[in-house]
2 protein chains.
Amino acid sequence: MVSEEISTLRWVGDAATGVLRLIDQTRLPGESIEIECRDVPTVWEAIRSLQVRGAPAIGVAAAYGAVIGARSGGPVRDALAQAAATLRTSRPTAVNLFWALDRMEAAASSAGPEIDEKDLLDRLLEEARRIEAEDRAMCRAIGRHGADLVEPGQGVLTHCNAGGLATVDYGTALAVVFAAHERGTPFRVFADETRPLLQGARLTAWELARRGIPVTLICDSMAAQVMREGKIQLVVVGADRIAANGDVANKIGTYSVALLARAHGIPFYVAAPSSTFDLSLSDGSAIPIEQRDPREITHGFGRPTAPEGIDVYNPAFDVTPANLIAGIITEKGIIQPVEAATIRRFLG
Amino acid sequence: MVSEEISTLRWVGDAATGVLRLIDQTRLPGESIEIECRDVPTVWEAIRSLQVRGAPAIGVAAAYGAVIGARSGGPVRDALAQAAATLRTSRPTAVNLFWALDRMEAAASSAGPEIDEKDLLDRLLEEARRIEAEDRAMCRAIGRHGADLVEPGQGVLTHCNAGGLATVDYGTALAVVFAAHERGTPFRVFADETRPLLQGARLTAWELARRGIPVTLICDSMAAQVMREGKIQLVVVGADRIAANGDVANKIGTYSVALLARAHGIPFYVAAPSSTFDLSLSDGSAIPIEQRDPREITHGFGRPTAPEGIDVYNPAFDVTPANLIAGIITEKGIIQPVEAATIRRFLG
């Protein structure tokens, strides 16, 4: 749980009648409103519209969405296949979505042809719960491995939100700072606000402030200046997909931060569970980059902020080349140096 | 004039009763509303609140503000001194403000002690009109010198607004693209939206679209990605103050763009009139950097976008070191290489 009152997501009930409840992250921090998902289109829309976002959280939400879809009528396996196919179209970049749905289908396959439909549905819910539990454990392990990187008095820059709201709980990049904070290490986080949807301002700053961790909000364009002033000694971000050579797709602006960190001699780390790796892609050039609605940029704040009809480019992600990354903090330890051989060995 | 209907600013009437009219740039592009300034506090507030902004435009507005102040009661010279002292406190970074007010006071001094009050006021209005006329001419000359840099088919990135709205007319960085466009060179401008106040989205994109120049709006965090995709071959920005060694203070985010351009091998140019140089400062470290209200970041668009009470860092400017700058485009030609000796020779 992000806090005692707020969970990124939770399953309530049994396999036959239970529901997926999600905090609507588009309304945070102003409003804490839970959405109840009882059908696949609601889960699909929650993922597409970023009510639930963050690569690991998308994976878990999709797994529970697959349970909901599997009981929607007809043979469970057929309904599951259809639900998975639908959910795969919700967002293209975060590989955890595909990874979680593949696991759900594999669970159905491995159950054998003789299992009765109710038991199969129970197996699917078990598998989704397992994915959730693993996510919790992976985030804690990432925190343990990464916390050593944070030294007393440092400034830590992060981009977007790779916190408890991007996972079931605790986060990836923010797990590192949460764990360092729990050890009593004093430091300050600088949070890029992360245009266009301001996940840094709305979600990261909010998660940190609630935990009593000192945080300073900046605009994305200020990161270079803050680095130049000597306020940053470490950068940690999350990831949506990591290619076999260590190239990392993450929220747009991450590549910029990596270049700026390099220019200032500041180590740039990525924190992500092993489910974020896509070893089928030799490098980042093959990672599909989602293009989103121009209105996120021109109409994001409640009133138009640009001339009507203007051309807009709105890629949701960019790819940071492996050579800019000091290490990838996974639940199995820190992958260093970031290159194909080390990655294969770690994930092996 | 920015267009047939809209002027950045204009003086209407004679020295004794005339007024300064300004387009309220905080309302653009949604609304085109002119503000009428009849006293110094109104001019001061217009500058402070960015109703008029852009280093050259601030200078001209302050010059007319000095005329208004000079006739506000008591001896003209005393009233002028008081108005100038007040207007100097409106914003700290753009040196053109101080330069224009110094010129107004010098004009009063050079008029001699025997001049009658009405004639002195006329002389002051003449000086303000001269500053305005010189600004127009300087911008056209900057356009002529810079237009050769734009080659057919290029992508040109700019940050913030250094256009007709940042000057009396025609602009500095945008003068370069306006002049290239008038010569028939085809190209596309990528406009950083420029958080927190979105001068790129609201003003630059608007000025370019009105002139029929192809423009694509991006978030500041996307500049690196757009460069990596090979879409940018040239960067041109404005300046608020330039030190003797060529270090340039400009809108926050400019230093970031300069580093990203360097990382991608893209030439980074600054366009500014000679009134932007402050040769009293040996380098950029002595340029005062304005810190602005955190609410520009957290409450800029009609609804809060961050948790209440969060720490915010909001420097309005940064300093780009001379070694990242390919050239400074002035009304006298392009200063290249950007170093103290060349600058001294150019400004003679």
# chains A, B, ... in the order shown; residues from 1 in each chain; ligands from 1
>>> interface_residues(of="chain B", to="chain A", cutoff="9 Å", atoms="only C-alpha atoms", output="PyMOL selection string")
chain B and resi 28-30+193-196+198+200-203+205-206+209+214-225+252-257+259-260+263+297-298+300-307+310-315+318-319
>>> residues_around(residues="range 165-171 of chain A", least_positions_apart="4", cutoff="10 Å", atoms="only C-alpha atoms", output="NGL selection string")
:A and (1-3 or 6-10 or 23 or 25 or 52-61 or 131-140 or 142-143 or 160-161 or 175-179 or 199 or 203-204 or 207 or 238 or 271-273)
>>> select_by_dssp(residues="range 110-291 of chain B", states="strand (DSSP E)", output="PyMOL selection string")
chain B and resi 155-158+188-192+215-218+234-237+241-243+248-251+268-271+277-278
>>> write_last_selection(atoms="C-alpha atoms", output="CSV table (one decimal), in the first residue's frame")
chain,number,residue,atom,x,y,z
B,155,GLY,CA,14.7,21.7,-38.1
B,156,VAL,CA,15.3,24.7,-35.9
B,157,LEU,CA,14.8,24.4,-32.1
B,158,THR,CA,14.0,27.4,-30.0
B,188,ARG,CA,10.4,23.7,-39.5
B,189,VAL,CA,10.7,25.2,-36.0
B,190,PHE,CA,10.4,23.0,-32.9
B,191,ALA,CA,9.2,25.1,-30.0
B,192,ASP,CA,9.9,24.0,-26.5
B,215,VAL,CA,6.1,24.8,-36.1
B,216,THR,CA,5.9,21.7,-33.9
B,217,LEU,CA,5.3,22.2,-30.2
B,218,ILE,CA,7.1,19.9,-27.8
B,234,LEU,CA,20.2,24.3,-35.5
B,235,VAL,CA,19.3,25.8,-32.1
B,236,VAL,CA,18.7,29.5,-31.7
B,237,VAL,CA,17.6,31.2,-28.5
B,241,ARG,CA,22.2,39.2,-20.1
B,242,ILE,CA,25.5,38.3,-21.6
B,243,ALA,CA,28.7,38.6,-19.6
B,248,VAL,CA,24.6,33.9,-21.5
B,249,ALA,CA,21.7,34.2,-19.0
B,250,ASN,CA,18.4,33.2,-20.6
B,251,LYS,CA,15.2,31.5,-19.7
B,268,PHE,CA,23.7,26.3,-30.6
B,269,TYR,CA,23.3,30.1,-31.3
B,270,VAL,CA,22.2,33.0,-29.2
B,271,ALA,CA,20.5,36.0,-30.8
B,277,PHE,CA,25.8,42.6,-23.1
B,278,ASP,CA,26.9,43.5,-19.6
>>> select_by_dssp(residues="range 199-251 of chain A", states="alpha helix (DSSP H)", output="MDAnalysis selection string")
chainID A and resid 199 205:210 223:228
>>> write_last_selection(atoms="N, CA, C and O atoms", output="compact mmCIF listing (two decimals), in the first residue's frame")
# COMPACT_ATOMS: atom_id res chain seq x y z
N GLN A 199 3.45 13.43 -13.60
CA GLN A 199 3.51 12.35 -12.61
C GLN A 199 4.51 12.66 -11.50
O GLN A 199 4.36 12.18 -10.37
N ALA A 205 6.19 13.60 -5.81
CA ALA A 205 6.31 14.58 -4.72
C ALA A 205 5.35 14.22 -3.59
O ALA A 205 5.68 14.33 -2.40
N TRP A 206 4.18 13.75 -3.95
CA TRP A 206 3.15 13.39 -2.98
C TRP A 206 3.58 12.16 -2.17
O TRP A 206 3.50 12.15 -0.93
N GLU A 207 4.08 11.13 -2.85
CA GLU A 207 4.53 9.92 -2.13
C GLU A 207 5.66 10.24 -1.15
O GLU A 207 5.70 9.72 -0.03
N LEU A 208 6.60 11.06 -1.60
CA LEU A 208 7.75 11.38 -0.75
C LEU A 208 7.33 12.23 0.44
O LEU A 208 7.74 11.98 1.58
N ALA A 209 6.52 13.24 0.16
CA ALA A 209 6.09 14.13 1.25
C ALA A 209 5.32 13.35 2.31
O ALA A 209 5.50 13.58 3.52
N ARG A 210 4.48 12.41 1.88
CA ARG A 210 3.71 11.61 2.84
C ARG A 210 4.60 10.78 3.74
O ARG A 210 4.21 10.44 4.86
N ALA A 223 16.53 20.62 -14.43
CA ALA A 223 17.42 19.55 -13.95
C ALA A 223 18.89 19.89 -14.19
O ALA A 223 19.73 19.70 -13.32
N ALA A 224 19.19 20.42 -15.38
CA ALA A 224 20.59 20.74 -15.71
C ALA A 224 21.13 21.79 -14.75
O ALA A 224 22.26 21.68 -14.26
N GLN A 225 20.33 22.81 -14.48
CA GLN A 225 20.77 23.89 -13.60
C GLN A 225 21.00 23.37 -12.18
O GLN A 225 21.99 23.72 -11.52
N VAL A 226 20.10 22.54 -11.70
CA VAL A 226 20.24 21.98 -10.35
C VAL A 226 21.50 21.11 -10.27
O VAL A 226 22.23 21.14 -9.27
N MET A 227 21.77 20.36 -11.33
CA MET A 227 23.01 19.59 -11.37
C MET A 227 24.23 20.51 -11.34
O MET A 227 25.19 20.26 -10.62
N ARG A 228 24.17 21.57 -12.13
CA ARG A 228 25.31 22.49 -12.22
C ARG A 228 25.59 23.15 -10.87
O ARG A 228 26.74 23.46 -10.55
>>> atom_distance(atom1="CA of Leu80 in chain A", atom2="CA of Leu121 in chain A")
9.6 Å
>>> residues_around(residues="Glu127 in chain B", least_positions_apart="6", cutoff="9 Å", atoms="only C-alpha atoms", output="PyMOL selection string")
chain B and resi 63+103-104+107
>>> write_last_selection(atoms="all heavy atoms", output="mmCIF file, in the first residue's frame")
data_model
loop_
_atom_site.group_PDB
_atom_site.id
_atom_site.type_symbol
_atom_site.label_atom_id
_atom_site.label_comp_id
_atom_site.auth_asym_id
_atom_site.auth_seq_id
_atom_site.Cartn_x
_atom_site.Cartn_y
_atom_site.Cartn_z
ATOM 1 N N ALA B 63 11.644 52.423 -20.522
ATOM 2 C CA ALA B 63 11.953 53.774 -21.024
ATOM 3 C C ALA B 63 10.686 54.628 -21.067
ATOM 4 O O ALA B 63 10.672 55.774 -20.599
ATOM 5 C CB ALA B 63 12.591 53.679 -22.410
ATOM 6 N N ARG B 103 20.037 55.111 -20.015
ATOM 7 C CA ARG B 103 19.969 56.011 -21.177
ATOM 8 C C ARG B 103 18.996 57.150 -20.935
ATOM 9 O O ARG B 103 19.258 58.301 -21.303
ATOM 10 C CB ARG B 103 19.548 55.243 -22.427
ATOM 11 C CG ARG B 103 20.730 54.665 -23.161
ATOM 12 C CD ARG B 103 20.348 54.052 -24.483
ATOM 13 N NE ARG B 103 19.779 55.003 -25.440
ATOM 14 C CZ ARG B 103 19.637 54.729 -26.740
ATOM 15 N NH1 ARG B 103 20.047 53.549 -27.220
ATOM 16 N NH2 ARG B 103 19.105 55.602 -27.557
ATOM 17 N N MET B 104 17.865 56.851 -20.316
ATOM 18 C CA MET B 104 16.880 57.898 -20.037
ATOM 19 C C MET B 104 17.465 58.937 -19.079
ATOM 20 O O MET B 104 17.280 60.141 -19.265
ATOM 21 C CB MET B 104 15.605 57.287 -19.450
ATOM 22 C CG MET B 104 14.842 56.368 -20.405
ATOM 23 S SD MET B 104 14.338 57.180 -21.940
ATOM 24 C CE MET B 104 13.027 58.244 -21.310
ATOM 25 N N ALA B 107 19.991 61.018 -20.877
ATOM 26 C CA ALA B 107 19.348 62.007 -21.754
ATOM 27 C C ALA B 107 18.950 63.242 -20.955
ATOM 28 O O ALA B 107 19.112 64.385 -21.414
ATOM 29 C CB ALA B 107 18.133 61.390 -22.443
#
>>> decode(residues="range 28-44 of chain B", atoms="all heavy atoms", output="short mmCIF file (atom, residue, chain, number, x, y, z; two decimals), in the first residue's frame")
data_model
loop_
_atom_site.label_atom_id
_atom_site.label_comp_id
_atom_site.auth_asym_id
_atom_site.auth_seq_id
_atom_site.Cartn_x
_atom_site.Cartn_y
_atom_site.Cartn_z
N LEU B 28 -2.29 35.80 -23.64
CA LEU B 28 -2.15 35.22 -24.98
C LEU B 28 -1.93 33.71 -24.87
O LEU B 28 -1.35 33.25 -23.91
CB LEU B 28 -0.94 35.85 -25.70
CG LEU B 28 -1.10 37.30 -26.15
CD1 LEU B 28 0.23 37.83 -26.67
CD2 LEU B 28 -2.17 37.42 -27.22
N PRO B 29 -2.32 32.89 -25.85
CA PRO B 29 -3.00 33.32 -27.07
C PRO B 29 -4.52 33.36 -26.96
O PRO B 29 -5.18 33.72 -27.92
CB PRO B 29 -2.59 32.24 -28.08
CG PRO B 29 -2.48 31.01 -27.25
CD PRO B 29 -2.01 31.46 -25.89
N GLY B 30 -5.04 33.02 -25.79
CA GLY B 30 -6.50 32.96 -25.65
C GLY B 30 -7.18 34.30 -25.84
O GLY B 30 -8.20 34.41 -26.51
N GLU B 31 -6.61 35.35 -25.23
CA GLU B 31 -7.24 36.66 -25.28
C GLU B 31 -6.20 37.72 -25.67
O GLU B 31 -5.07 37.67 -25.21
CB GLU B 31 -7.79 37.03 -23.90
CG GLU B 31 -8.83 36.07 -23.37
CD GLU B 31 -9.13 36.35 -21.91
OE1 GLU B 31 -8.34 35.90 -21.05
OE2 GLU B 31 -10.13 37.02 -21.62
N SER B 32 -6.60 38.67 -26.47
CA SER B 32 -5.74 39.80 -26.84
C SER B 32 -6.27 41.05 -26.15
O SER B 32 -7.19 41.69 -26.64
CB SER B 32 -5.74 40.01 -28.35
OG SER B 32 -5.23 38.87 -29.00
N ILE B 33 -5.68 41.37 -25.01
CA ILE B 33 -6.17 42.49 -24.21
C ILE B 33 -5.05 43.50 -24.02
O ILE B 33 -3.94 43.13 -23.61
CB ILE B 33 -6.67 41.99 -22.84
CG1 ILE B 33 -7.87 41.08 -23.05
CG2 ILE B 33 -7.00 43.16 -21.90
CD1 ILE B 33 -8.32 40.35 -21.80
N GLU B 34 -5.31 44.76 -24.33
CA GLU B 34 -4.30 45.80 -24.11
C GLU B 34 -4.46 46.42 -22.73
O GLU B 34 -5.57 46.68 -22.28
CB GLU B 34 -4.40 46.89 -25.19
CG GLU B 34 -3.44 46.67 -26.33
CD GLU B 34 -3.27 47.93 -27.19
OE1 GLU B 34 -4.10 48.86 -27.10
OE2 GLU B 34 -2.29 47.98 -27.96
N ILE B 35 -3.31 46.66 -22.11
CA ILE B 35 -3.28 47.34 -20.82
C ILE B 35 -2.80 48.77 -21.07
O ILE B 35 -1.87 48.97 -21.84
CB ILE B 35 -2.27 46.66 -19.88
CG1 ILE B 35 -2.73 45.25 -19.57
CG2 ILE B 35 -2.08 47.47 -18.61
CD1 ILE B 35 -1.59 44.41 -19.07
N GLU B 36 -3.43 49.73 -20.40
CA GLU B 36 -3.00 51.11 -20.55
C GLU B 36 -2.25 51.52 -19.29
O GLU B 36 -2.78 51.42 -18.18
CB GLU B 36 -4.23 52.01 -20.75
CG GLU B 36 -3.88 53.38 -21.25
CD GLU B 36 -5.14 54.11 -21.72
OE1 GLU B 36 -5.57 53.84 -22.86
OE2 GLU B 36 -5.68 54.90 -20.94
N CYS B 37 -1.02 51.99 -19.44
CA CYS B 37 -0.20 52.39 -18.29
C CYS B 37 -0.15 53.91 -18.22
O CYS B 37 0.37 54.57 -19.13
CB CYS B 37 1.22 51.84 -18.43
SG CYS B 37 1.31 50.05 -18.59
N ARG B 38 -0.66 54.45 -17.10
CA ARG B 38 -0.67 55.90 -16.89
C ARG B 38 0.16 56.30 -15.68
O ARG B 38 0.25 57.46 -15.34
CB ARG B 38 -2.11 56.40 -16.67
CG ARG B 38 -3.02 56.19 -17.84
CD ARG B 38 -4.44 56.69 -17.56
NE ARG B 38 -5.22 56.72 -18.78
CZ ARG B 38 -5.18 57.70 -19.67
NH1 ARG B 38 -4.41 58.77 -19.45
NH2 ARG B 38 -5.90 57.64 -20.77
N ASP B 39 0.72 55.28 -14.97
CA ASP B 39 1.57 55.59 -13.83
C ASP B 39 2.65 54.52 -13.70
O ASP B 39 2.56 53.45 -14.30
CB ASP B 39 0.75 55.73 -12.54
CG ASP B 39 -0.12 54.52 -12.28
OD1 ASP B 39 0.35 53.38 -12.54
OD2 ASP B 39 -1.27 54.68 -11.83
N VAL B 40 3.67 54.84 -12.89
CA VAL B 40 4.82 53.94 -12.77
C VAL B 40 4.44 52.60 -12.14
O VAL B 40 4.90 51.55 -12.60
CB VAL B 40 5.96 54.65 -11.99
CG1 VAL B 40 7.07 53.66 -11.63
CG2 VAL B 40 6.52 55.80 -12.82
N PRO B 41 3.62 52.57 -11.08
CA PRO B 41 3.27 51.26 -10.51
C PRO B 41 2.64 50.31 -11.53
O PRO B 41 2.87 49.09 -11.47
CB PRO B 41 2.27 51.63 -9.40
CG PRO B 41 2.67 53.00 -8.99
CD PRO B 41 3.09 53.69 -10.26
N THR B 42 1.85 50.84 -12.46
CA THR B 42 1.24 49.97 -13.47
C THR B 42 2.31 49.41 -14.41
O THR B 42 2.26 48.23 -14.80
CB THR B 42 0.16 50.75 -14.26
OG1 THR B 42 -0.74 51.34 -13.34
CG2 THR B 42 -0.61 49.83 -15.20
N VAL B 43 3.29 50.23 -14.77
CA VAL B 43 4.39 49.74 -15.63
C VAL B 43 5.22 48.71 -14.85
O VAL B 43 5.58 47.65 -15.38
CB VAL B 43 5.29 50.91 -16.09
CG1 VAL B 43 6.44 50.39 -16.95
CG2 VAL B 43 4.47 51.95 -16.85
N TRP B 44 5.52 49.04 -13.60
CA TRP B 44 6.31 48.14 -12.75
C TRP B 44 5.64 46.77 -12.66
O TRP B 44 6.28 45.74 -12.84
CB TRP B 44 6.44 48.77 -11.35
CG TRP B 44 7.31 48.01 -10.40
CD1 TRP B 44 8.66 48.18 -10.19
CD2 TRP B 44 6.90 46.96 -9.51
NE1 TRP B 44 9.10 47.31 -9.24
CE2 TRP B 44 8.06 46.54 -8.80
CE3 TRP B 44 5.68 46.33 -9.24
CZ2 TRP B 44 8.01 45.53 -7.84
CZ3 TRP B 44 5.64 45.31 -8.29
CH2 TRP B 44 6.79 44.92 -7.60
#
